[in-house]
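Enquirer: Right, I'll just put the structure down here and ask away after.
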Amino acid sequence: MGTRGRTGERDGGEARRAHGGRVRRRFAAALTTVLLLVLVQAAAVVWPAYACGCGAMVTADGSDLGVTEESSVVVWDGDGTQQIVMRLTVDGDASAAAWVMPVPNRAEVTLAEPELFTELERVTAAEQRVDRYLWPRPGDWPRAAPDAAGAPEGAAPPVAVVGRERLGPFDVARLTAEEPAALADWLAENGFALSDRLAAAVEPYVAEGWEYVAVRLVPAGAEDAAAGEDAEGGGPVLSGPLEPLRLTFATERPVYPMRLSRLADTQQVLRLFVLADHRTATAGTIGGDPVDVVFAGRLTPDALPEGPLRQLVGDGRFLTALHQDFPDPGGIDGDHELVRDGTDAAFRRVEVREELLTWGPVPAWQAVVAAPVALTAAAVAAALRMRRRAARPEPGGAP
């Protein structure tokens with residue numbers, strides 16, 4: 001009796017300890033879940049400040065906007081005038097946003113034609129080539145396919161607005177400022193805030209006497225935002241490709257501003273088309289991967305259809321398409337200075353598609369394999385016929 005009592009107490013204690021362990025594990029799991037939810041909520045209210053290839057994007061508090069694709073064209077005429085044509089594709093829930101781009105001198109801003117980028121993609125498309133192979137590979141019959149692998153405080157001088165106009169969905173202001181805080185004031189008056197990081201990033205441009213193009217993006221169907229209302233949710237949101245903008249300004253040498261992209265938190269990709277008298281290169285990598293030339297060739301108006309690209313080509317210009325990745329945007333340490341390449345050699349990518357060689361509807365390997373078999377069979381048949389013929393008695397011979 002005493003033994004059974006002690007055994008029962010021991011079993012009961014083990015059961016209580018097991019139950020207590022389950023309770024502690026459930027409590028730890030619940031606490032972890034609560035902490036994760038708190039972190040997610042905290043991340044959701046962080047003020048987004050997205051950097052694109054040549055400027056910075058800011059949105060109103062609580063809204064989200066990302067640049068999913070950026071294409072830019074630089075036109076350099078060689079006598080001190082440069083054009084940059086930009087098209088941004090955005091996605092998010094922001095009903096308005098502001099985009100800031102530094103420029104070396106006062107810029108003229110106009111709308112550009114979306115067809116320009118369609119034409120450039122067509123001209124620079126890779127040459128398609130098919131290489132055919134004889135013997136079947138995985139995926140070709142009869143071989144089976146392989147398994148698939150898985151705002152700062154403090155007073156600031158008022159910003160000088162040297163021009164402001166509405167261009168399509170854009171409210172465009174051309175600004176001068178002697179301090180980064182002046183830019184912060186203008187953004188604040190228009191419902192946005194300049195983060196400390198962005199204010200620090202524009203300081204080198206201020207020191208060099210650059211100006212700014214500040215663009216307020218407003219979705220189609222939204223009320224006019226030129227007066228500077230605060231961005232509000234519930235209305236149309238910015239989404240998809242925006243109309244391209246053309247900036248024209250004077251500069252001693254062609255440049256593509258990139259320094260503000262160091263604010264980005266994710267990998268940045270630069271896709272740049274340069275039209276100039278000669279093939280173009282960048283003076284350095286400015287903290288990114290090596291710059292790849294994906295197309296180089298001289299364009300003439302006679303070879304192009306009527307359209308915006310032909311207008312930019314004029315009597316003829318050399319087109320260079322450059323691609324560059326920035327896995328760590330924080331390493332970007334300057335702007336791209338565009339220089340003449342050491343050669344005007346033409347270049348076009350070649351994309352090779354491999355296919356099984358066929359003769360008509362029949363795979364060639366089947367014919368190759370079948371040919372020796374057929375020849376052997378024919379030789380055997382011929383030999384048998386000759387033996388049968390030799391075994392027949394001669395006409396008129398003995399029975």
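Each chain in the structure tokens gets a letter, A, B and so on, in the order shown; residues start at 1 in every chain, and ligands are counted from 1 in the order they appear.
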Run DSSP on the backbone of this structure and report the residues of stretch 256-289 of chain A it assigns to helix (DSSP H, G or I), as an MDAnalysis selection string.
Expert: chainID A and resid 259:263
Enquirer: Which residues are near A:Phe117? Cut-off 10 Å, only C-alpha atoms, ignore same chain within fewer than 5 positions. Put them as a short mmCIF file (atom, residue, chain, number, x, y, z; two decimals) with N, CA and C atoms, in the first residue's frame.
Expert:
data_model
loop_
_atom_site.label_atom_id
_atom_site.label_comp_id
_atom_site.auth_asym_id
_atom_site.auth_seq_id
_atom_site.Cartn_x
_atom_site.Cartn_y
_atom_site.Cartn_z
N SER A 71 13.83 53.07 -66.26
CA SER A 71 14.59 53.13 -67.51
C SER A 71 14.95 54.59 -67.76
N SER A 72 16.20 54.83 -68.16
CA SER A 72 16.68 56.19 -68.37
C SER A 72 17.46 56.29 -69.67
N VAL A 73 17.30 57.43 -70.32
CA VAL A 73 18.02 57.72 -71.55
C VAL A 73 18.82 59.01 -71.35
N VAL A 85 15.96 61.38 -70.01
CA VAL A 85 14.56 60.98 -70.11
C VAL A 85 14.37 59.78 -69.19
N MET A 86 13.42 59.91 -68.24
CA MET A 86 13.23 58.87 -67.24
C MET A 86 11.79 58.37 -67.26
N ARG A 87 11.66 57.05 -67.09
CA ARG A 87 10.33 56.46 -66.91
C ARG A 87 10.40 55.54 -65.69
N ARG A 122 13.41 47.46 -78.67
CA ARG A 122 13.42 46.74 -79.95
C ARG A 122 14.81 46.84 -80.59
N VAL A 123 15.40 48.02 -80.60
CA VAL A 123 16.69 48.21 -81.25
C VAL A 123 17.79 47.44 -80.55
N PRO A 244 6.86 59.34 -68.92
CA PRO A 244 8.28 59.73 -68.83
C PRO A 244 8.44 61.24 -68.74
N PHE A 273 20.50 53.99 -71.26
CA PHE A 273 20.74 54.12 -72.70
C PHE A 273 21.39 55.48 -72.94
N PRO A 308 9.93 58.96 -81.59
CA PRO A 308 10.80 59.75 -80.71
C PRO A 308 12.27 59.36 -80.76
N LEU A 309 12.58 58.09 -80.99
CA LEU A 309 13.98 57.69 -81.06
C LEU A 309 14.65 58.29 -82.27
#
Enquirer: Just how far from atom CA of A:Asp344 is atom CA of A:Arg317, in Å to one decimal?
Expert: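 Between atom CA of A:Arg317 and atom CA of A:Asp344 the gap works out to 11.4 Å.
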Enquirer: What gap, in Å, lies between atom CA of A:Pro305 and atom CA of A:Ala281?
Expert: 27.0 Å
Enquirer: One decimal, in Å: what's the spacing between atom CA of A:Val352 and atom CA of A:Gly297?
Expert: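 Result for atom CA of A:Val352 versus atom CA of A:Gly297: 20.6 Å, one decimal.
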Enquirer: Near stretch 201-207 of chain A, within 12 Å and counting only C-alpha atoms, which residues show up once chain neighbours fewer than 6 positions away are dropped, as a ChimeraX atom specification?
Expert: /A:51,54-56,100-105,175-184,194-195,257-264,330,332-335
Enquirer: Each residue of stretch 349-394 of chain A lying at most 6 Å from stretch 127-130 of chain A should get a row with its shortest atom-to-atom pair and the distance in Å to one decimal, counting only C-alpha atoms; could you produce that, ordered by chain and increasing number, as JSON lines?
Expert:
{"residue": "A:Val350", "atom": "CA", "partner": "A:Glu127", "partner_atom": "CA", "distance": 4.7}
{"residue": "A:Glu351", "atom": "CA", "partner": "A:Gln128", "partner_atom": "CA", "distance": 5.2}
{"residue": "A:Val352", "atom": "CA", "partner": "A:Arg129", "partner_atom": "CA", "distance": 4.8}
{"residue": "A:Arg353", "atom": "CA", "partner": "A:Val130", "partner_atom": "CA", "distance": 4.7}
{"residue": "A:Glu354", "atom": "CA", "partner": "A:Val130", "partner_atom": "CA", "distance": 5.6}
Enquirer: From the set A:Gly314, A:Gly240, A:Pro301, A:Gly168, which residue has the shortest atom-to-atom contact distance to A:Val75, counting only C-alpha atoms?
Expert: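 Between A:Gly314, A:Gly240, A:Pro301, A:Gly168, the residue approaching A:Val75 most closely is A:Gly314.
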Enquirer: What lies within 8 Å of A:Arg132 using only C-alpha atoms, ignoring chain neighbours under 3 positions off, as a PyMOL selection string?
Expert: chain A and resi 354-357
Enquirer: My list of candidates is A:Asp292, A:Asp171, A:Glu252, A:Asp64. Which is closest to A:Gly80 when distances are computed with only C-alpha atoms?
Expert: A:Glu252
Enquirer: Measuring between only C-alpha atoms, which one of A:Ala321, A:Val58, A:Tyr256, A:Val237 shows the shortest distance to A:Arg197?
Expert: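 Result for the nearest residue to A:Arg197: A:Val58.
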Enquirer: Taking 5 positions as the minimum chain separation for residues in the same chain, which residues sit within 9 Å of stretch 268-272 of chain A when counting only C-alpha atoms? Answer as a ChimeraX atom specification.
Expert: /A:51-53,69-74,261,320-329
Enquirer: Any chance you can output those residues with C-alpha atoms as a tab-separated table (two decimals), in the first residue's frame?
Expert:
chain	number	residue	atom	x	y	z
A	51	ALA	CA	15.94	55.65	-53.81
A	52	CYS	CA	15.89	55.07	-57.53
A	53	GLY	CA	18.71	55.24	-60.06
A	69	GLU	CA	11.45	49.45	-62.70
A	70	GLU	CA	13.42	52.42	-63.98
A	71	SER	CA	14.59	53.13	-67.51
A	72	SER	CA	16.68	56.19	-68.37
A	73	VAL	CA	18.02	57.72	-71.55
A	74	VAL	CA	20.94	60.16	-71.61
A	261	SER	CA	20.55	55.68	-54.44
A	320	THR	CA	25.31	52.44	-75.88
A	321	ALA	CA	23.11	50.43	-73.51
A	322	LEU	CA	24.65	49.94	-70.07
A	323	HIS	CA	23.48	47.67	-67.26
A	324	GLN	CA	24.82	47.68	-63.69
A	325	ASP	CA	23.78	46.04	-60.42
A	326	PHE	CA	24.30	47.51	-56.96
A	327	PRO	CA	23.97	44.60	-54.49
A	328	ASP	CA	24.90	46.94	-51.60
A	329	PRO	CA	23.48	50.41	-52.36
